[in-house]
Amino acid sequence: MSTRALARAGITLRIRRQDTRAAMPHWEVFEVPLAPRLTLAEVLDRLAFLPLNARRERVAPVSYTWGCTGPGCVSCMLIAARRPVPACETLVEELVAGGGTLVLEPMAKLGVVRDLLVESQKLRGARAQLLAFTTPAAPNDTALDSTANAPALSPLGLLLSTCTRCGACIEACPETRTGGGFVGAAAIVASQLADARDLAQSESQSALHTSTTAHTNRHLALAYEGGIHECGDARQCVAVCPAKLPLDEVLGRASRDAFIATFRIRSKP
Amino acid sequence: MVYGGGAAALRAAIELTETGCRVLLVGPVDAARWPSLATGGIECADDVEAAFLDAIIGGDFLAERAPVRAMMRAAPGVIEELVRLGVPFARDGRELRHRRLDGMRSARAAFVESRTTRAVVDALDDQATRLGVERLSHHALEALVANDQERFAGAVVQDRVSMRFVSIEAHAMILALGGAELTLAASPTAVATEAALAIAFDAGATLANMEFIQTAPAAVWLGPRVENSPRGRRAIVPSSSLIGEGAVYWLPREPDDVRLGRDLPQSDRRAFLEDAFPGWGSAAPHDLATHVVRHEVLTRGLYDRRRDKHQPLAYLDVSHLPEAHLRERAGSELDLYRKLSGADPYRGPLPIHPALSDRLGGLWVDFDVDENGNVREDSPRNHATTIEGVYACGGAAHLYHGANRLSGNLLLADLFGARCAANAVRAYREGLSNSGAPPCFARAITTAEATQEDIQRRRGGEAPLALHARLRELIYAKAGFSRDRSGLAELVQDLDDLAEAVGKARPRDENETANRGIALVRDLEHAVLLAAVTARCALARRECRGVHHRGDHDARRSIDDEPPRRPTPRLTLARRDDLGLNLADSVRVRLFSETRDLAATIDEDGVTEELYPRHYAVET
């Protein structure tokens, strides 16, 4: 489509708005002219500049965040056309070809603050619940030459380290809820990444590292409330993951790890 | 109390928690959703002297030498620590891979694809969670509160969701955020504001070297400006990963060549940066590279006539490298540019133009040097600002980068500085015998509430977003790549007008929750103040140095000229002075008294401009 035709076409935005944390959500319609290669974030910028709804009434500006300093900053995640996407990396043309209506919603499962603005604590809370962090070994005497001899992550660990923690998997999952429910694939990815990091460390250290206990505890955490057994196998996360991580494999491994860890505990005399 | 949210803030909070201090990490946004400035890698400094030399020369001889040397000595330890935290640096077998970033004479930077910063911040964030660091996200600094002994004793912060003010009592505070994204960045919601600097400045802290705004030789051009948008330039400053992989800047040999960039044969391309700095090419320090790129773009640049008549462009090209290699080394970044700019960086060049990135100067911070010129690591003076009990690191401190930053030193300085500041805070707290009477927050809160009510009650002022765009344009036009006396004098006047307009600006938002309008007005007040400081400091520094280019004091016109033999002020210091009638007059700028004739004398380190000339090879 030519530039002029695009500008004439414009798009209709249907945005799910919410004034406060507790308020009821409502829908508001906006009409925005389009330019070639415009990102969703830029469209929201224009809306902030001129907050007129489709009936040309001045309304409170739509809240959103955009703190972009480069790829992988996920502050601008929102749901566009039923799919969680980063607003600054998504072209409007991709979503609506030549005019049409685009539905924007907040990542509601993370907890709406206002309009498209959401909390970001939930993801960290989920990671903490699964003990998804490595405990670094204390620096030892060989510290100086050990960068050369440093632990390397396994191929799966390397892949998992590309998770941007955007929360798309949590949003798409039918089993996650605003309070409680399944912890979500992102936390399980972090948990397995921590496993991979621990493993890399224990390989590089000649002395036995404490990671085995950390490992077991982490795997047991997978079996507690909100753990892997609450995963309903809907595989929605696999479909939406922007980093295209092998989440089905990750979830499968998590179930195995949780099973083995619980079995070991039970079978102890 | 640590204020910030990026790598430096997290590192400082971790260090303090590990040594048994109680820490509260306060930030205007959540750490994990606010990465520090993207960078292409971290200096490993396997060769401390070479790294030191590169940093000093790269910073155009203005970086403080003792701390830079200490930083380079600590660099292998910093990398080692990151490896232990599980940062997946690129490797060749078991050895770390290195890439050569701007200003490095050899390949010495460890990297994680093109998301080094992100990987480091994630790893630090996990550690902060593991250690149970208390956090208070979405809270912005409003005022510093002192006790009866004129010492920092607490702060008032504003919950940017409920818009209420909260008081926090603390022994000490580390300011660990910087940048000038509000002033410079494209986005009106950019969160890494510099308000904290202005608040400390208001409270009596001294700012140093504020005239330096880091330039980037390349920002990927994404398209022409959009009507009715607060966003100015549509461009992304890429991390230095592309330079680390050997990107080439070029223009067609014939300025009128109408062929597309990717169709031009090698013989019709002119790698102008390689011509200007043989041996350096695109790895020239950013200040020099920007100068040349800007010159080329303005004189022989390309115009995309069909899409944008106003923005001259040059090409940044990595397409001579195999696609698989690029995917492995910078895939996430290149994929994004391909999507947003429409140009395919795997097959052809990316259109770019120079841009301003962020602020280099910051709060003046001290460091304690023993008789051998080494930094005393256990001293409470390290990273201390002029307000007792307030420390600064990361982008908020001026120490490590001098007049130009090498991108490999960005994260290194953040992490090393954060550790120093945390150690200093611990030493300071141990030395506190009598913490004095508890501070009185009531007055600060009342003032803050009154200001906020006043902003809410305003009628008829301009929209803050429009003022924000105007501030950015002013900085670009008059304090950007090249400054001169008349332009800066005008800027001081313009900023006065702008300050007045901001004083009347009405937030277009009546909602009580997460009112971005009020927040923006407050942040703008601070940003305009700092812009005035920048203008005054830039007026005071009458020379070309690093990223600060004065068109009217351009003594080094060509490569054959002798460098000027004139004393160079090591620091420009700015203090708030309440006697001034208007904004600009209330800023007192002083050139640091201990000026050194860098060009003429060989000082203690033996690193001088004469031995290591950095010429501007082009005429302007």
# chains A, B, ... in the order shown; residues from 1 in each chain; ligands from 1
>>> residues_around(residues="region 543-546 of chain B", least_positions_apart="4", cutoff="6 Å", atoms="only C-alpha atoms", output="MDAnalysis selection string")
chainID B and resid 60 287 403:404 550 553
>>> write_last_selection(atoms="N, CA and C atoms", output="compact mmCIF listing (two decimals), in the first residue's frame")
# COMPACT_ATOMS: atom_id res chain seq x y z
N ASP B 60 39.86 11.29 26.14
CA ASP B 60 40.53 12.54 25.82
C ASP B 60 41.22 13.13 27.05
N ASP B 287 33.77 9.68 19.98
CA ASP B 287 33.77 11.12 19.73
C ASP B 287 34.38 11.44 18.38
N ALA B 403 36.01 12.70 28.88
CA ALA B 403 35.28 13.48 27.88
C ALA B 403 34.63 12.61 26.82
N ASN B 404 34.79 11.31 26.93
CA ASN B 404 34.22 10.40 25.94
C ASN B 404 34.25 9.01 26.54
N ARG B 550 33.58 22.58 20.28
CA ARG B 550 33.22 23.99 20.16
C ARG B 550 33.66 24.47 18.80
N HIS B 553 36.09 27.29 18.85
CA HIS B 553 37.41 27.08 19.44
C HIS B 553 38.06 25.85 18.85
>>> residues_around(residues="Ile228 (chain A)", least_positions_apart="4", cutoff="10 Å", atoms="only C-alpha atoms", output="list of chain:residue names")
A:Phe182, A:Val183, A:Gly184, A:Ala185, A:Ile188, A:His219, A:Ala221, A:Leu222, A:Ala223, A:Tyr224, A:Gly232, A:Asp233, A:Leu251, A:Gly252, A:Arg253, A:Ala254, A:Ser255, A:Arg256, A:Asp257, A:Ala258, A:Phe259
>>> write_last_selection(atoms="all heavy atoms", output="compact mmCIF listing (two decimals), in the first residue's frame")
# COMPACT_ATOMS: atom_id res chain seq x y z
N PHE A 182 -0.93 -21.66 38.50
CA PHE A 182 0.34 -22.16 37.99
C PHE A 182 1.38 -21.03 37.94
O PHE A 182 1.04 -19.89 37.63
CB PHE A 182 0.08 -22.73 36.60
CG PHE A 182 1.29 -23.28 35.92
CD1 PHE A 182 2.21 -24.06 36.59
CD2 PHE A 182 1.51 -23.00 34.56
CE1 PHE A 182 3.31 -24.57 35.93
CE2 PHE A 182 2.61 -23.51 33.91
CZ PHE A 182 3.52 -24.29 34.59
N VAL A 183 2.63 -21.32 38.28
CA VAL A 183 3.65 -20.26 38.28
C VAL A 183 3.98 -19.76 36.89
O VAL A 183 4.44 -18.63 36.72
CB VAL A 183 4.97 -20.72 38.94
CG1 VAL A 183 4.84 -20.79 40.43
CG2 VAL A 183 5.46 -22.00 38.34
N GLY A 184 3.77 -20.57 35.89
CA GLY A 184 4.04 -20.13 34.53
C GLY A 184 5.38 -20.63 34.02
O GLY A 184 6.28 -20.95 34.79
N ALA A 185 5.47 -20.69 32.69
CA ALA A 185 6.66 -21.28 32.08
C ALA A 185 7.92 -20.46 32.34
O ALA A 185 9.00 -21.01 32.48
CB ALA A 185 6.43 -21.45 30.58
N ILE A 188 9.75 -21.50 35.32
CA ILE A 188 10.34 -22.84 35.17
C ILE A 188 11.57 -22.77 34.28
O ILE A 188 12.58 -23.44 34.53
CB ILE A 188 9.28 -23.81 34.65
CG1 ILE A 188 8.27 -24.02 35.78
CG2 ILE A 188 9.89 -25.13 34.21
CD1 ILE A 188 7.10 -24.88 35.47
N HIS A 219 14.14 -28.64 42.67
CA HIS A 219 13.23 -29.58 42.03
C HIS A 219 12.01 -29.86 42.92
O HIS A 219 10.91 -30.03 42.41
CB HIS A 219 13.97 -30.89 41.72
CG HIS A 219 14.98 -30.71 40.63
ND1 HIS A 219 15.87 -31.66 40.27
CD2 HIS A 219 15.23 -29.64 39.84
CE1 HIS A 219 16.63 -31.20 39.28
NE2 HIS A 219 16.26 -29.98 39.02
N ALA A 221 10.71 -27.69 44.91
CA ALA A 221 9.86 -26.49 44.82
C ALA A 221 8.91 -26.60 43.62
O ALA A 221 7.81 -26.05 43.64
CB ALA A 221 10.72 -25.24 44.71
N LEU A 222 9.36 -27.33 42.59
CA LEU A 222 8.51 -27.51 41.40
C LEU A 222 7.27 -28.32 41.72
O LEU A 222 6.28 -28.28 41.00
CB LEU A 222 9.29 -28.26 40.32
CG LEU A 222 10.34 -27.50 39.53
CD1 LEU A 222 11.11 -28.46 38.65
CD2 LEU A 222 9.67 -26.44 38.68
N ALA A 223 7.33 -29.09 42.84
CA ALA A 223 6.22 -29.99 43.15
C ALA A 223 5.24 -29.37 44.15
O ALA A 223 4.23 -29.95 44.46
CB ALA A 223 6.75 -31.31 43.70
N TYR A 224 5.60 -28.18 44.67
CA TYR A 224 4.69 -27.54 45.63
C TYR A 224 3.55 -26.82 44.92
O TYR A 224 3.45 -26.86 43.70
CB TYR A 224 5.47 -26.57 46.52
CG TYR A 224 6.17 -27.29 47.65
CD1 TYR A 224 7.53 -27.54 47.60
CD2 TYR A 224 5.44 -27.72 48.75
CE1 TYR A 224 8.17 -28.21 48.63
CE2 TYR A 224 6.07 -28.39 49.78
CZ TYR A 224 7.43 -28.63 49.72
OH TYR A 224 8.03 -29.29 50.73
N GLY A 232 -1.51 -27.46 32.62
CA GLY A 232 -2.59 -28.25 32.01
C GLY A 232 -2.23 -28.74 30.63
O GLY A 232 -3.07 -29.24 29.91
N ASP A 233 -0.96 -28.57 30.24
CA ASP A 233 -0.50 -29.07 28.96
C ASP A 233 -1.21 -28.43 27.77
O ASP A 233 -1.40 -29.04 26.74
CB ASP A 233 -0.71 -30.60 28.90
CG ASP A 233 0.58 -31.28 28.48
OD1 ASP A 233 1.59 -30.55 28.35
OD2 ASP A 233 0.58 -32.49 28.30
N LEU A 251 9.01 -27.88 30.02
CA LEU A 251 7.97 -28.32 30.95
C LEU A 251 8.06 -29.83 31.19
O LEU A 251 7.88 -30.30 32.31
CB LEU A 251 6.58 -27.94 30.40
CG LEU A 251 6.33 -26.43 30.34
CD1 LEU A 251 5.02 -26.14 29.61
CD2 LEU A 251 6.28 -25.84 31.73
N GLY A 252 8.37 -30.56 30.14
CA GLY A 252 8.54 -32.01 30.28
C GLY A 252 9.66 -32.34 31.25
O GLY A 252 9.50 -33.17 32.15
N ARG A 253 10.78 -31.68 31.09
CA ARG A 253 11.91 -31.91 32.00
C ARG A 253 11.54 -31.56 33.42
O ARG A 253 11.94 -32.23 34.36
CB ARG A 253 13.11 -31.06 31.57
CG ARG A 253 13.83 -31.60 30.35
CD ARG A 253 14.84 -30.58 29.89
NE ARG A 253 15.82 -30.32 30.91
CZ ARG A 253 17.07 -30.75 30.88
NH1 ARG A 253 17.47 -31.46 29.86
NH2 ARG A 253 17.90 -30.48 31.85
N ALA A 254 10.78 -30.45 33.57
CA ALA A 254 10.41 -30.00 34.91
C ALA A 254 9.58 -31.06 35.60
O ALA A 254 9.77 -31.37 36.77
CB ALA A 254 9.66 -28.68 34.83
N SER A 255 8.62 -31.65 34.86
CA SER A 255 7.80 -32.68 35.48
C SER A 255 8.64 -33.86 35.90
O SER A 255 8.45 -34.42 36.97
CB SER A 255 6.81 -33.21 34.54
OG SER A 255 6.08 -33.02 33.91
N ARG A 256 9.59 -34.23 35.06
CA ARG A 256 10.45 -35.36 35.40
C ARG A 256 11.26 -35.03 36.66
O ARG A 256 11.31 -35.82 37.60
CB ARG A 256 11.39 -35.64 34.22
CG ARG A 256 12.17 -36.92 34.35
CD ARG A 256 13.37 -36.90 33.43
NE ARG A 256 14.28 -35.82 33.78
CZ ARG A 256 15.28 -35.41 33.02
NH1 ARG A 256 15.49 -35.96 31.87
NH2 ARG A 256 16.07 -34.44 33.43
N ASP A 257 11.88 -33.84 36.67
CA ASP A 257 12.71 -33.44 37.81
C ASP A 257 11.90 -33.44 39.10
O ASP A 257 12.35 -33.94 40.13
CB ASP A 257 13.29 -32.04 37.60
CG ASP A 257 14.35 -32.03 36.52
OD1 ASP A 257 14.80 -33.13 36.14
OD2 ASP A 257 14.70 -30.93 36.05
N ALA A 258 10.69 -32.88 39.03
CA ALA A 258 9.85 -32.80 40.22
C ALA A 258 9.50 -34.19 40.71
O ALA A 258 9.56 -34.49 41.90
CB ALA A 258 8.58 -32.01 39.91
N PHE A 259 9.20 -35.08 39.76
CA PHE A 259 8.83 -36.45 40.13
C PHE A 259 10.00 -37.15 40.82
O PHE A 259 9.85 -37.73 41.89
CB PHE A 259 8.40 -37.24 38.88
CG PHE A 259 8.09 -38.66 39.16
CD1 PHE A 259 6.89 -38.99 39.78
CD2 PHE A 259 8.99 -39.67 38.85
CE1 PHE A 259 6.60 -40.30 40.07
CE2 PHE A 259 8.70 -40.98 39.13
CZ PHE A 259 7.50 -41.30 39.74
>>> closest_residue(among="B:His353, B:Arg508, B:Arg347, B:Arg270", to="chain A", atoms="only C-alpha atoms")
B:Arg508
>>> atom_distance(atom1="CA of Asp122 (chain B)", atom2="CA of Ser161 (chain A)")
9.3 Å
>>> atom_distance(atom1="CA of Glu430 (chain B)", atom2="CA of Ser379 (chain B)")
11.2 Å
>>> residues_around(residues="region 23-31 of chain A", least_positions_apart="2", cutoff="12 Å", atoms="only C-alpha atoms", output="compact mmCIF listing (two decimals) with N, CA, C and O atoms, in the first residue's frame")
# COMPACT_ATOMS: atom_id res chain seq x y z
N ALA A 7 -1.88 6.53 5.15
CA ALA A 7 -2.22 7.65 6.01
C ALA A 7 -3.72 7.87 6.00
O ALA A 7 -4.32 8.21 7.02
N ARG A 8 -4.33 7.69 4.83
CA ARG A 8 -5.76 7.91 4.73
C ARG A 8 -6.50 6.82 5.48
O ARG A 8 -7.50 7.07 6.14
N ALA A 9 -5.96 5.63 5.34
CA ALA A 9 -6.66 4.49 5.92
C ALA A 9 -6.80 4.64 7.44
O ALA A 9 -7.90 4.67 7.97
N GLY A 10 -5.70 4.77 8.12
CA GLY A 10 -5.75 4.85 9.56
C GLY A 10 -6.24 3.53 10.15
O GLY A 10 -6.65 2.63 9.43
N ILE A 11 -6.18 3.43 11.46
CA ILE A 11 -6.71 2.23 12.08
C ILE A 11 -7.57 2.61 13.27
O ILE A 11 -7.45 3.71 13.81
N THR A 12 -8.39 1.69 13.65
CA THR A 12 -9.21 1.86 14.84
C THR A 12 -8.60 1.04 15.96
O THR A 12 -8.32 -0.14 15.77
N LEU A 13 -8.37 1.70 17.08
CA LEU A 13 -7.83 0.99 18.23
C LEU A 13 -8.93 0.81 19.24
O LEU A 13 -9.63 1.77 19.59
N ARG A 14 -9.11 -0.41 19.70
CA ARG A 14 -10.04 -0.66 20.79
C ARG A 14 -9.19 -1.02 21.99
O ARG A 14 -8.52 -2.05 21.99
N ILE A 15 -9.15 -0.13 22.97
CA ILE A 15 -8.23 -0.33 24.08
C ILE A 15 -9.00 -0.65 25.35
O ILE A 15 -9.99 0.02 25.67
N ARG A 16 -8.56 -1.68 26.05
CA ARG A 16 -9.18 -2.00 27.33
C ARG A 16 -8.58 -1.10 28.39
O ARG A 16 -7.38 -1.16 28.65
N ARG A 17 -9.41 -0.24 28.98
CA ARG A 17 -8.91 0.74 29.93
C ARG A 17 -9.39 0.42 31.33
O ARG A 17 -10.43 -0.19 31.53
N GLN A 18 -8.62 0.88 32.28
CA GLN A 18 -8.95 0.65 33.68
C GLN A 18 -8.33 1.81 34.45
O GLN A 18 -7.13 2.03 34.35
N ASP A 19 -9.15 2.55 35.20
CA ASP A 19 -8.64 3.77 35.80
C ASP A 19 -7.72 3.52 36.99
O ASP A 19 -6.74 4.23 37.18
N THR A 20 -8.07 2.55 37.81
CA THR A 20 -7.22 2.25 38.96
C THR A 20 -7.07 0.75 39.06
O THR A 20 -7.65 0.01 38.28
N ARG A 21 -6.30 0.31 40.07
CA ARG A 21 -6.09 -1.13 40.24
C ARG A 21 -7.41 -1.85 40.44
O ARG A 21 -7.61 -2.94 39.93
N PRO A 33 -4.32 7.88 12.62
CA PRO A 33 -3.79 7.77 11.26
C PRO A 33 -2.54 6.91 11.26
O PRO A 33 -1.83 6.82 12.26
N LEU A 34 -2.29 6.30 10.15
CA LEU A 34 -1.18 5.35 10.08
C LEU A 34 -0.07 5.93 9.20
O LEU A 34 -0.32 6.72 8.30
N VAL A 43 2.40 4.42 17.91
CA VAL A 43 0.98 4.73 17.84
C VAL A 43 0.48 5.21 19.21
O VAL A 43 -0.25 6.19 19.32
N LEU A 44 0.93 4.52 20.26
CA LEU A 44 0.51 4.92 21.61
C LEU A 44 1.08 6.29 21.97
O LEU A 44 0.44 7.08 22.67
N ARG A 46 1.50 8.75 19.90
CA ARG A 46 0.66 9.75 19.26
C ARG A 46 -0.64 9.93 20.03
O ARG A 46 -1.18 11.03 20.13
N LEU A 47 -1.11 8.83 20.57
CA LEU A 47 -2.34 8.88 21.36
C LEU A 47 -2.11 9.69 22.63
O LEU A 47 -2.98 10.43 23.09
N ALA A 48 -0.93 9.56 23.20
CA ALA A 48 -0.61 10.31 24.41
C ALA A 48 -0.53 11.79 24.10
O ALA A 48 -0.88 12.65 24.91
N LEU A 50 -2.15 13.37 21.68
CA LEU A 50 -3.47 13.90 21.30
C LEU A 50 -4.54 12.92 21.75
O LEU A 50 -5.05 12.15 20.96
N PRO A 51 -4.87 12.93 23.05
CA PRO A 51 -5.78 11.89 23.55
C PRO A 51 -7.25 12.18 23.20
O PRO A 51 -8.04 12.58 24.04
N LEU A 52 -7.58 11.98 21.94
CA LEU A 52 -8.97 12.15 21.50
C LEU A 52 -9.53 10.79 21.13
O LEU A 52 -8.86 10.03 20.42
N ASN A 53 -10.70 10.50 21.61
CA ASN A 53 -11.28 9.21 21.24
C ASN A 53 -11.99 9.31 19.89
O ASN A 53 -11.95 10.35 19.24
N ALA A 54 -12.61 8.22 19.49
CA ALA A 54 -13.18 8.18 18.14
C ALA A 54 -14.27 9.23 17.95
O ALA A 54 -14.55 9.66 16.83
N ARG A 55 -14.91 9.67 19.05
CA ARG A 55 -15.94 10.70 18.93
C ARG A 55 -15.35 12.10 19.08
O ARG A 55 -16.07 13.05 19.30
N ARG A 56 -14.02 12.19 18.97
CA ARG A 56 -13.28 13.44 19.07
C ARG A 56 -13.46 14.11 20.43
O ARG A 56 -13.43 15.33 20.54
N GLU A 57 -13.67 13.32 21.49
CA GLU A 57 -13.74 13.88 22.83
C GLU A 57 -12.38 13.72 23.49
O GLU A 57 -11.71 12.71 23.29
N ARG A 58 -12.01 14.71 24.28
CA ARG A 58 -10.73 14.60 25.00
C ARG A 58 -10.92 13.68 26.20
O ARG A 58 -11.82 13.88 27.01
N VAL A 59 -10.10 12.67 26.28
CA VAL A 59 -10.18 11.73 27.40
C VAL A 59 -8.85 11.69 28.12
O VAL A 59 -7.86 12.23 27.64
N ALA A 60 -8.84 11.06 29.28
CA ALA A 60 -7.58 10.90 30.01
C ALA A 60 -6.62 10.10 29.14
O ALA A 60 -7.05 9.15 28.48
N PRO A 61 -5.34 10.49 29.08
CA PRO A 61 -4.41 9.77 28.22
C PRO A 61 -4.26 8.31 28.65
O PRO A 61 -4.39 7.99 29.83
N VAL A 62 -4.05 7.46 27.67
CA VAL A 62 -3.88 6.04 27.94
C VAL A 62 -2.50 5.80 28.56
O VAL A 62 -1.50 6.24 28.02
N GLY A 99 -5.96 -0.77 7.37
CA GLY A 99 -7.20 -0.41 8.06
C GLY A 99 -7.75 -1.59 8.82
O GLY A 99 -7.31 -2.72 8.68
N GLY A 100 -8.73 -1.30 9.67
CA GLY A 100 -9.28 -2.38 10.46
C GLY A 100 -9.18 -2.03 11.93
O GLY A 100 -8.69 -0.96 12.29
N THR A 101 -9.63 -2.94 12.76
CA THR A 101 -9.65 -2.67 14.19
C THR A 101 -8.57 -3.50 14.88
O THR A 101 -8.39 -4.67 14.56
N LEU A 102 -7.87 -2.84 15.80
CA LEU A 102 -6.84 -3.53 16.56
C LEU A 102 -7.22 -3.46 18.03
O LEU A 102 -7.49 -2.37 18.55
N VAL A 103 -7.28 -4.60 18.68
CA VAL A 103 -7.66 -4.63 20.09
C VAL A 103 -6.41 -4.67 20.95
O VAL A 103 -5.56 -5.54 20.76
N LEU A 104 -6.28 -3.71 21.86
CA LEU A 104 -5.14 -3.68 22.76
C LEU A 104 -5.61 -3.92 24.19
O LEU A 104 -6.56 -3.29 24.65
N GLU A 105 -4.93 -4.83 24.88
CA GLU A 105 -5.28 -5.11 26.26
C GLU A 105 -4.01 -5.14 27.09
O GLU A 105 -2.93 -5.40 26.57
N PRO A 106 -4.11 -4.89 28.39
CA PRO A 106 -2.93 -5.00 29.25
C PRO A 106 -2.64 -6.47 29.54
O PRO A 106 -3.47 -7.33 29.34
N ALA A 108 -3.03 -8.56 31.80
CA ALA A 108 -3.83 -8.46 33.02
C ALA A 108 -3.39 -9.42 34.11
O ALA A 108 -3.55 -9.14 35.29
N VAL A 112 -3.05 -5.25 36.70
CA VAL A 112 -3.14 -3.96 36.02
C VAL A 112 -2.96 -2.83 37.03
O VAL A 112 -3.55 -2.85 38.10
N VAL A 113 -2.16 -1.84 36.69
CA VAL A 113 -2.04 -0.65 37.51
C VAL A 113 -3.02 0.40 36.99
O VAL A 113 -3.81 0.96 37.72
N ARG A 114 -2.92 0.67 35.71
CA ARG A 114 -3.87 1.57 35.05
C ARG A 114 -3.73 1.35 33.54
O ARG A 114 -2.61 1.25 33.04
N ASP A 115 -4.86 1.29 32.85
CA ASP A 115 -4.87 1.08 31.40
C ASP A 115 -3.93 -0.06 30.99
O ASP A 115 -4.13 -1.19 31.39
N LEU A 116 -2.91 0.28 30.21
CA LEU A 116 -2.02 -0.78 29.72
C LEU A 116 -0.81 -0.99 30.63
O LEU A 116 0.08 -1.77 30.34
N THR B 513 -4.54 7.99 39.75
CA THR B 513 -3.61 6.87 39.74
C THR B 513 -2.61 7.01 38.60
O THR B 513 -3.00 7.31 37.48
>>> residues_around(residues="Ala214 (chain A)", least_positions_apart="2", cutoff="12 Å", atoms="only C-alpha atoms", output="ChimeraX atom specification")
/A:130-136,191-192,194-199,202,209-212,216-221,261
>>> select_by_dssp(residues="region 42-183 of chain A", states="alpha helix (DSSP H)", output="number ranges by chain")
A: 42-49, 92-95, 121-129, 155-160, 168-172
>>> atom_distance(atom1="CA of Ala205 (chain B)", atom2="CA of Leu471 (chain B)")
23.8 Å
>>> residues_around(residues="Leu78 (chain A)", least_positions_apart="3", cutoff="6 Å", atoms="only C-alpha atoms", output="list in words")
Pro84, Val85, Pro106 and Met107 of chain A
>>> write_last_selection(atoms="N, CA, C and O atoms", output="mmCIF file, in the first residue's frame")
data_model
loop_
_atom_site.group_PDB
_atom_site.id
_atom_site.type_symbol
_atom_site.label_atom_id
_atom_site.label_comp_id
_atom_site.auth_asym_id
_atom_site.auth_seq_id
_atom_site.Cartn_x
_atom_site.Cartn_y
_atom_site.Cartn_z
ATOM 1 N N PRO A 84 0.358 -11.633 23.208
ATOM 2 C CA PRO A 84 1.279 -10.778 23.951
ATOM 3 C C PRO A 84 2.506 -10.427 23.108
ATOM 4 O O PRO A 84 3.177 -11.337 22.605
ATOM 5 N N VAL A 85 2.744 -9.137 22.930
ATOM 6 C CA VAL A 85 3.868 -8.706 22.096
ATOM 7 C C VAL A 85 4.553 -7.500 22.741
ATOM 8 O O VAL A 85 3.937 -6.763 23.492
ATOM 9 N N PRO A 106 -4.114 -4.888 28.390
ATOM 10 C CA PRO A 106 -2.933 -5.004 29.245
ATOM 11 C C PRO A 106 -2.635 -6.467 29.537
ATOM 12 O O PRO A 106 -3.474 -7.333 29.343
ATOM 13 N N MET A 107 -1.427 -6.726 30.026
ATOM 14 C CA MET A 107 -1.068 -8.086 30.452
ATOM 15 C C MET A 107 -1.710 -8.299 31.815
ATOM 16 O O MET A 107 -1.053 -8.227 32.862
#
>>> closest_residue(among="B:Arg135, B:Arg443, B:Arg259, B:Arg376", to="chain A", atoms="only C-alpha atoms")
B:Arg135
>>> closest_residue(among="A:Ile265, A:Ala87, A:Ile260, A:Leu153", to="chain B", atoms="only C-alpha atoms")
A:Leu153
>>> select_by_dssp(residues="region 59-227 of chain B", states="strand (DSSP E or B)", output="JSON, numbers by chain")
{"B": [91, 92, 95, 96, 99, 109, 110, 134, 135, 136, 139, 140, 141, 142, 143, 144, 145, 146, 152, 153, 154, 155, 156, 157, 158, 159, 165, 166, 167, 168, 169, 173, 174, 175, 176, 207, 208, 213, 214, 215, 216, 217, 218, 219, 220, 221, 222, 223]}
>>> residues_around(residues="Asn515 (chain B)", least_positions_apart="6", cutoff="8 Å", atoms="only C-alpha atoms", output="PyMOL selection string")
chain B and resi 160-161+163+509
>>> write_last_selection(atoms="C-alpha atoms", output="tab-separated table (two decimals), in the first residue's frame")
chain	number	residue	atom	x	y	z
B	160	ARG	CA	4.27	7.05	41.05
B	161	VAL	CA	1.17	4.87	41.13
B	163	MET	CA	1.01	9.66	43.73
B	509	ASP	CA	-4.55	14.07	33.09
>>> residues_around(residues="Met104 (chain B)", least_positions_apart="3", cutoff="12 Å", atoms="only C-alpha atoms", output="MDAnalysis selection string")
chainID B and resid 41:45 47 50:59 98:101 107:109 243:244 279:286 405:409
